[in-house]
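A.B. asks: Dumping the structure here so I can ask a few things about it.
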Amino acid sequence: MGCMLSQLAAKFAFFPPSPPTYQLKKTDDGKLAVVTTAAPIPHADDTSLDVLLVDTKHGNKIVAFYLRNPYARLTLLYSHGNAADLGQLYDLFLQLKVNLRVNLMGYDYSGYGASTGKPSESGTYADIEAIYECLETEYGVSQEDVILYGQSVGSGPTLHLASKLPRLRGVVLHSGILSGLRVLCHVKFTFCFDIYKNINKIKKVKCPVLVIHGTEDDVVNWLHGNGLWKMARESYDPLWIKGGGHCNLELYPDYIRHLCKFIQEMESMTTEKRLKKIRANQSKSSSGSICSGCCRVKCCRVKCPECSDCCCYTNVSWSINCPEWCWRPRCRNFCCFPKFSSCLGSNCCTKCSWPSCCVIKCSLPSCYPNCARPSCCMNCFCLQCCVGKHSDGTNGKQNG
């Protein structure tokens, strides 16, 4: 059932131009050339453009354009939207190559343009993996010098690859989606038959993420872009284009201006600077929530619901490797324990307001075996048991 729904969702996700806006032909020297009426494509003797046919693991052959910039330090890998092909995008690629001073690799998904096969979610993942491998093997580009760019549906394969490459230079999400189903209806849960579950993958991306979205986008609501920006681990200043729609953001001056700023900052960001920034962000996010001298595990502070004493808190660290055992009950009435299992009933402390008390048996031999209190607050380490003192070890009766 889920597979059928996924196939149905794919039918609503892909709209390749029909007929394609370009065709491929071989020149006398065996190179590939492009024939199109949508945009002026250079002749085969132009060394700034390579036209490639790349094999994917699904057995398809996909078309890719590689545009060189002699002054480039970075390479932009562009994944387009669901209703365009390379013939329509070539003019945009030229502008980005010149204005951003980058090399640019654009490709058509399986079933788009002159690429073989049929479009599908898994197919786009295989497509972008094959293109990235081509960048590595044919052009010697490492992931540290790659910026992934995904527009609309292209945000799906972009985040798929970005979540697998920990040393990417950056990611650009242009009118990106949280998931395929969330474009059609406002749902709060991720279903198994949903496609392009970017809402899960964005959290795995370890490089700076720039989000660009139009405030008047009537295809993919601005809330998608805002959600992706908020969930990114390392968010760059977003670009919300006021009045921008889904397919016209490139026409706004702020678009190329903000992209140029992002590219320039990514160019100047060395590995050492990135590591320092990551460490600084980690220390900021963890300050105040990790106990002193602890094992770098966040502690939770549970306020006692019964006591008015402001010092009545319980610090909890769930790591036994903590050099200072962080589980320190400080309420004199022992009423602020976190719950673990079933309550002890009449033996429970008089002011306990929790629906259940801790019933983890004491594992230390120092605890008297006939203790009337069969449970301790933790491995008690000679602290008090949950509802009283340990026995004196002589007569089996409780003190106090």
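For the structure tokens, the naming scheme is as follows: chains receive sequential letters (A, B, ...) according to their order of presentation, residues are indexed from 1 within each chain, and ligands are indexed from 1 in presentation order.
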Taking the DSSP secondary structure from the backbone, can you list the residues of stretch 90-315 of chain A that are strand (DSSP E or B), as a PyMOL selection string?
C.D. replies: chain A and resi 103-107+146-151+170-174+209-214+235+239-241+290+298+300-303+313-315
A.B. asks: Leaving out A:Leu53 and any residue of its chain fewer than 3 positions from it, which residues lie within 9 Å of it when counting only C-alpha atoms, given as a VMD selection string?
C.D. replies: chain A and resid 32 61 to 64 115
A.B. asks: Could you turn the residues from that selection into a file that holds C-alpha atoms, as a short mmCIF file (atom, residue, chain, number, x, y, z; two decimals), in the first residue's frame?
C.D. replies:
```
data_model
loop_
_atom_site.label_atom_id
_atom_site.label_comp_id
_atom_site.auth_asym_id
_atom_site.auth_seq_id
_atom_site.Cartn_x
_atom_site.Cartn_y
_atom_site.Cartn_z
CA LEU A 32 28.39 15.65 -27.51
CA LYS A 61 22.02 7.65 -18.66
CA ILE A 62 21.53 11.23 -17.53
CA VAL A 63 22.66 14.44 -19.22
CA ALA A 64 24.85 16.94 -17.38
CA SER A 115 18.09 11.57 -19.95
#
```
A.B. asks: Per residue of stretch 83-167 of chain A within 12 Å of stretch 185-207 of chain A, record the nearest atom pair and its distance in Å to one decimal, counting only C-alpha atoms, with rows in chain order and ascending residue number, as a tab-separated table.
C.D. replies:
```
residue	atom	partner	partner_atom	distance
A:Ser120	CA	A:Ile195	CA	9.6
A:Glu121	CA	A:Ile195	CA	6.8
A:Ser122	CA	A:Ile195	CA	9.4
A:Gly123	CA	A:Tyr196	CA	11.8
A:Thr124	CA	A:Tyr196	CA	10.1
A:Tyr125	CA	A:Tyr196	CA	9.9
A:Gln143	CA	A:Cys207	CA	11.0
A:Glu144	CA	A:Cys207	CA	9.9
A:Asp145	CA	A:Cys207	CA	11.8
A:Val146	CA	A:Cys207	CA	10.8
A:Ile147	CA	A:Cys207	CA	9.6
A:Leu148	CA	A:Cys207	CA	10.5
A:Gly150	CA	A:Asn198	CA	11.5
A:Ser152	CA	A:Tyr196	CA	10.8
A:Val153	CA	A:Tyr196	CA	8.0
A:Gly154	CA	A:Tyr196	CA	9.5
A:Ser155	CA	A:Asn198	CA	7.7
A:Gly156	CA	A:Tyr196	CA	5.1
A:Pro157	CA	A:Tyr196	CA	7.9
A:Thr158	CA	A:Asn198	CA	9.4
A:Leu159	CA	A:Lys201	CA	6.2
A:His160	CA	A:Lys201	CA	6.7
A:Leu161	CA	A:Val205	CA	9.2
A:Ala162	CA	A:Val205	CA	5.8
A:Ser163	CA	A:Val205	CA	4.8
A:Lys164	CA	A:Val205	CA	7.9
A:Leu165	CA	A:Val205	CA	7.9
A:Pro166	CA	A:Lys206	CA	5.7
A:Arg167	CA	A:Cys207	CA	7.1
```
A.B. asks: So that I can see what lies close to A:Ile256, please list as a PDB file with N, CA and C atoms, in the first residue's frame the residues with an atom at most 9 Å from it, counting only C-alpha atoms and leaving out residues fewer than 4 positions away in the same chain.
C.D. replies:
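Result file follows (around-v7.pdb):
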```
ATOM      1  N   LEU A  96      24.880  32.538 -13.212  1.00  0.00           N
ATOM      2  CA  LEU A  96      25.415  32.113 -11.919  1.00  0.00           C
ATOM      3  C   LEU A  96      26.912  31.865 -12.007  1.00  0.00           C
ATOM      4  N   ASN A  99      28.519  35.560 -12.229  1.00  0.00           N
ATOM      5  CA  ASN A  99      28.288  36.447 -11.079  1.00  0.00           C
ATOM      6  C   ASN A  99      28.787  35.859  -9.766  1.00  0.00           C
ATOM      7  N   LEU A 100      28.694  34.547  -9.624  1.00  0.00           N
ATOM      8  CA  LEU A 100      29.144  33.910  -8.379  1.00  0.00           C
ATOM      9  C   LEU A 100      30.601  33.461  -8.455  1.00  0.00           C
ATOM     10  N   GLU A 250      14.815  34.573  -9.141  1.00  0.00           N
ATOM     11  CA  GLU A 250      16.061  34.983  -9.798  1.00  0.00           C
ATOM     12  C   GLU A 250      15.962  36.396 -10.370  1.00  0.00           C
ATOM     13  N   LEU A 251      14.748  36.913 -10.533  1.00  0.00           N
ATOM     14  CA  LEU A 251      14.554  38.242 -11.116  1.00  0.00           C
ATOM     15  C   LEU A 251      14.761  39.365 -10.105  1.00  0.00           C
ATOM     16  N   TYR A 252      14.812  39.038  -8.825  1.00  0.00           N
ATOM     17  CA  TYR A 252      14.976  40.054  -7.777  1.00  0.00           C
ATOM     18  C   TYR A 252      16.459  40.325  -7.539  1.00  0.00           C
ATOM     19  N   CYS A 260      25.873  35.955  -3.760  1.00  0.00           N
ATOM     20  CA  CYS A 260      27.285  36.354  -3.867  1.00  0.00           C
ATOM     21  C   CYS A 260      27.925  36.473  -2.489  1.00  0.00           C
ATOM     22  N   LYS A 261      27.196  37.060  -1.559  1.00  0.00           N
ATOM     23  CA  LYS A 261      27.718  37.203  -0.197  1.00  0.00           C
ATOM     24  C   LYS A 261      27.975  35.836   0.425  1.00  0.00           C
TER      25      LYS A 261
END
```
A.B. asks: Set the distance at 12 Å and use only C-alpha atoms: which residues neighbour A:Arg73 once local chain neighbours fewer than 2 positions away are removed? I'd like the list as a short mmCIF file (atom, residue, chain, number, x, y, z; two decimals) with N, CA, C and O atoms, in the first residue's frame.
C.D. replies:
```cif
data_model
loop_
_atom_site.label_atom_id
_atom_site.label_comp_id
_atom_site.auth_asym_id
_atom_site.auth_seq_id
_atom_site.Cartn_x
_atom_site.Cartn_y
_atom_site.Cartn_z
N ARG A 68 32.67 25.80 -16.92
CA ARG A 68 33.93 26.20 -16.26
C ARG A 68 34.02 27.71 -16.10
O ARG A 68 33.60 28.47 -16.97
N ASN A 69 34.59 28.10 -14.97
CA ASN A 69 34.97 29.49 -14.75
C ASN A 69 36.44 29.48 -14.35
O ASN A 69 36.80 28.89 -13.33
N PRO A 70 37.33 30.12 -15.13
CA PRO A 70 38.77 30.05 -14.84
C PRO A 70 39.15 30.68 -13.51
O PRO A 70 40.24 30.42 -13.00
N TYR A 71 38.28 31.50 -12.93
CA TYR A 71 38.59 32.17 -11.66
C TYR A 71 37.91 31.50 -10.47
O TYR A 71 37.95 32.00 -9.36
N THR A 75 32.72 24.79 -6.63
CA THR A 75 31.85 24.21 -7.66
C THR A 75 30.43 24.12 -7.12
O THR A 75 30.21 23.62 -6.02
N LEU A 76 29.47 24.61 -7.90
CA LEU A 76 28.06 24.57 -7.53
C LEU A 76 27.40 23.40 -8.26
O LEU A 76 27.44 23.31 -9.48
N LYS A 97 27.36 31.27 -13.09
CA LYS A 97 28.78 30.98 -13.25
C LYS A 97 29.60 32.27 -13.22
O LYS A 97 30.65 32.34 -12.56
N LEU A 100 28.69 34.55 -9.62
CA LEU A 100 29.14 33.91 -8.38
C LEU A 100 30.60 33.46 -8.45
O LEU A 100 31.17 33.05 -7.44
N ARG A 101 31.16 33.50 -9.65
CA ARG A 101 32.55 33.07 -9.88
C ARG A 101 32.76 31.64 -9.38
O ARG A 101 33.61 31.34 -8.56
N VAL A 102 31.95 30.75 -9.96
CA VAL A 102 32.02 29.32 -9.60
C VAL A 102 32.02 28.49 -10.87
O VAL A 102 31.58 28.93 -11.94
N ASN A 103 32.51 27.26 -10.75
CA ASN A 103 32.21 26.24 -11.74
C ASN A 103 30.81 25.71 -11.42
O ASN A 103 30.42 25.67 -10.25
N LEU A 104 30.08 25.32 -12.44
CA LEU A 104 28.70 24.90 -12.20
C LEU A 104 28.42 23.58 -12.92
O LEU A 104 28.71 23.44 -14.11
N VAL A 141 37.19 17.17 -8.06
CA VAL A 141 36.58 18.08 -7.08
C VAL A 141 36.32 17.32 -5.79
O VAL A 141 35.71 16.25 -5.81
N SER A 142 36.78 17.86 -4.67
CA SER A 142 36.52 17.23 -3.37
C SER A 142 35.30 17.88 -2.73
O SER A 142 34.90 19.00 -3.10
N GLU A 144 34.93 19.28 0.03
CA GLU A 144 35.22 20.56 0.70
C GLU A 144 35.06 21.75 -0.24
O GLU A 144 34.93 22.89 0.23
N ASP A 145 35.07 21.50 -1.54
CA ASP A 145 34.96 22.59 -2.53
C ASP A 145 33.63 22.57 -3.26
O ASP A 145 33.49 23.20 -4.32
N VAL A 146 32.63 21.87 -2.72
CA VAL A 146 31.34 21.74 -3.37
C VAL A 146 30.26 22.45 -2.56
O VAL A 146 30.20 22.33 -1.33
N ILE A 147 29.42 23.20 -3.26
CA ILE A 147 28.21 23.77 -2.68
C ILE A 147 27.03 23.15 -3.42
O ILE A 147 26.96 23.23 -4.65
N ARG A 169 31.12 22.23 1.65
CA ARG A 169 31.36 23.65 1.94
C ARG A 169 30.06 24.36 2.29
O ARG A 169 30.05 25.24 3.16
N ILE A 263 28.53 32.92 -1.16
CA ILE A 263 29.64 32.25 -1.83
C ILE A 263 30.97 32.82 -1.37
O ILE A 263 31.94 32.08 -1.11
N GLN A 264 31.05 34.14 -1.23
CA GLN A 264 32.30 34.77 -0.80
C GLN A 264 32.68 34.33 0.61
O GLN A 264 33.86 34.08 0.90
N MET A 266 31.79 31.51 2.02
CA MET A 266 32.18 30.10 1.95
C MET A 266 33.59 29.95 1.38
O MET A 266 34.34 29.06 1.79
N GLU A 267 33.98 30.82 0.44
CA GLU A 267 35.33 30.78 -0.12
C GLU A 267 36.38 31.09 0.94
O GLU A 267 37.45 30.48 0.98
N SER A 268 36.06 32.05 1.81
CA SER A 268 37.04 32.47 2.82
C SER A 268 37.04 31.58 4.05
O SER A 268 37.90 31.73 4.92
N MET A 269 36.11 30.65 4.12
CA MET A 269 36.01 29.78 5.30
C MET A 269 36.93 28.58 5.14
O MET A 269 36.69 27.69 4.33
#
```
A.B. asks: Run DSSP on the backbone and give me the residues of stretch 105-296 of chain A it puts in alpha helix (DSSP H), as a VMD selection string.
C.D. replies: chain A and resid 121 to 139 155 to 162 180 to 184 198 to 201 222 to 231 253 to 268 271 to 286
A.B. asks: What's the 6 Å shell around stretch 219-229 of chain A, counting only C-alpha atoms, without same-chain residues fewer than 2 positions away, as a PyMOL selection string?
C.D. replies: chain A and resi 176-178+183+213+215+217+231-232
A.B. asks: Work out how far atom CA of A:Arg233 is from atom CA of A:Gln151, in Å to one decimal.
C.D. replies: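 Between atom CA of A:Gln151 and atom CA of A:Arg233 the gap is 19.9 Å.
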A.B. asks: Quick one: residues within 8 Å of A:Gly245, only C-alpha atoms, excluding same-chain residues fewer than 3 positions away - as a PyMOL selection string?
C.D. replies: chain A and resi 214-218+248-249
A.B. asks: Keeping N, CA and C atoms, export the residues of the selection given above as a PDB file, in the first residue's frame.
C.D. replies:
```pdb
ATOM      1  N   GLY A 214      10.347  32.811  -1.374  1.00  0.00           N
ATOM      2  CA  GLY A 214       9.465  33.948  -1.597  1.00  0.00           C
ATOM      3  C   GLY A 214       8.315  33.960  -0.615  1.00  0.00           C
ATOM      4  N   THR A 215       7.966  35.143  -0.128  1.00  0.00           N
ATOM      5  CA  THR A 215       6.892  35.244   0.865  1.00  0.00           C
ATOM      6  C   THR A 215       5.515  35.003   0.254  1.00  0.00           C
ATOM      7  N   GLU A 216       5.404  35.140  -1.074  1.00  0.00           N
ATOM      8  CA  GLU A 216       4.120  34.930  -1.744  1.00  0.00           C
ATOM      9  C   GLU A 216       4.142  33.670  -2.605  1.00  0.00           C
ATOM     10  N   ASP A 217       4.934  32.705  -2.225  1.00  0.00           N
ATOM     11  CA  ASP A 217       5.019  31.454  -2.975  1.00  0.00           C
ATOM     12  C   ASP A 217       3.698  30.691  -2.823  1.00  0.00           C
ATOM     13  N   ASP A 218       2.975  30.504  -3.932  1.00  0.00           N
ATOM     14  CA  ASP A 218       1.684  29.824  -3.871  1.00  0.00           C
ATOM     15  C   ASP A 218       1.773  28.348  -4.242  1.00  0.00           C
ATOM     16  N   ASN A 248      10.144  32.900  -9.788  1.00  0.00           N
ATOM     17  CA  ASN A 248      10.662  34.191 -10.255  1.00  0.00           C
ATOM     18  C   ASN A 248      11.676  34.837  -9.321  1.00  0.00           C
ATOM     19  N   LEU A 249      12.205  34.087  -8.383  1.00  0.00           N
ATOM     20  CA  LEU A 249      13.110  34.693  -7.404  1.00  0.00           C
ATOM     21  C   LEU A 249      14.395  35.191  -8.036  1.00  0.00           C
TER      22      LEU A 249
END
```
A.B. asks: Which is closer to A:Tyr78 than all the others in A:Gly244, A:Gly170, A:Pro253, A:Gly106, using only C-alpha atoms?
C.D. replies: A:Gly106
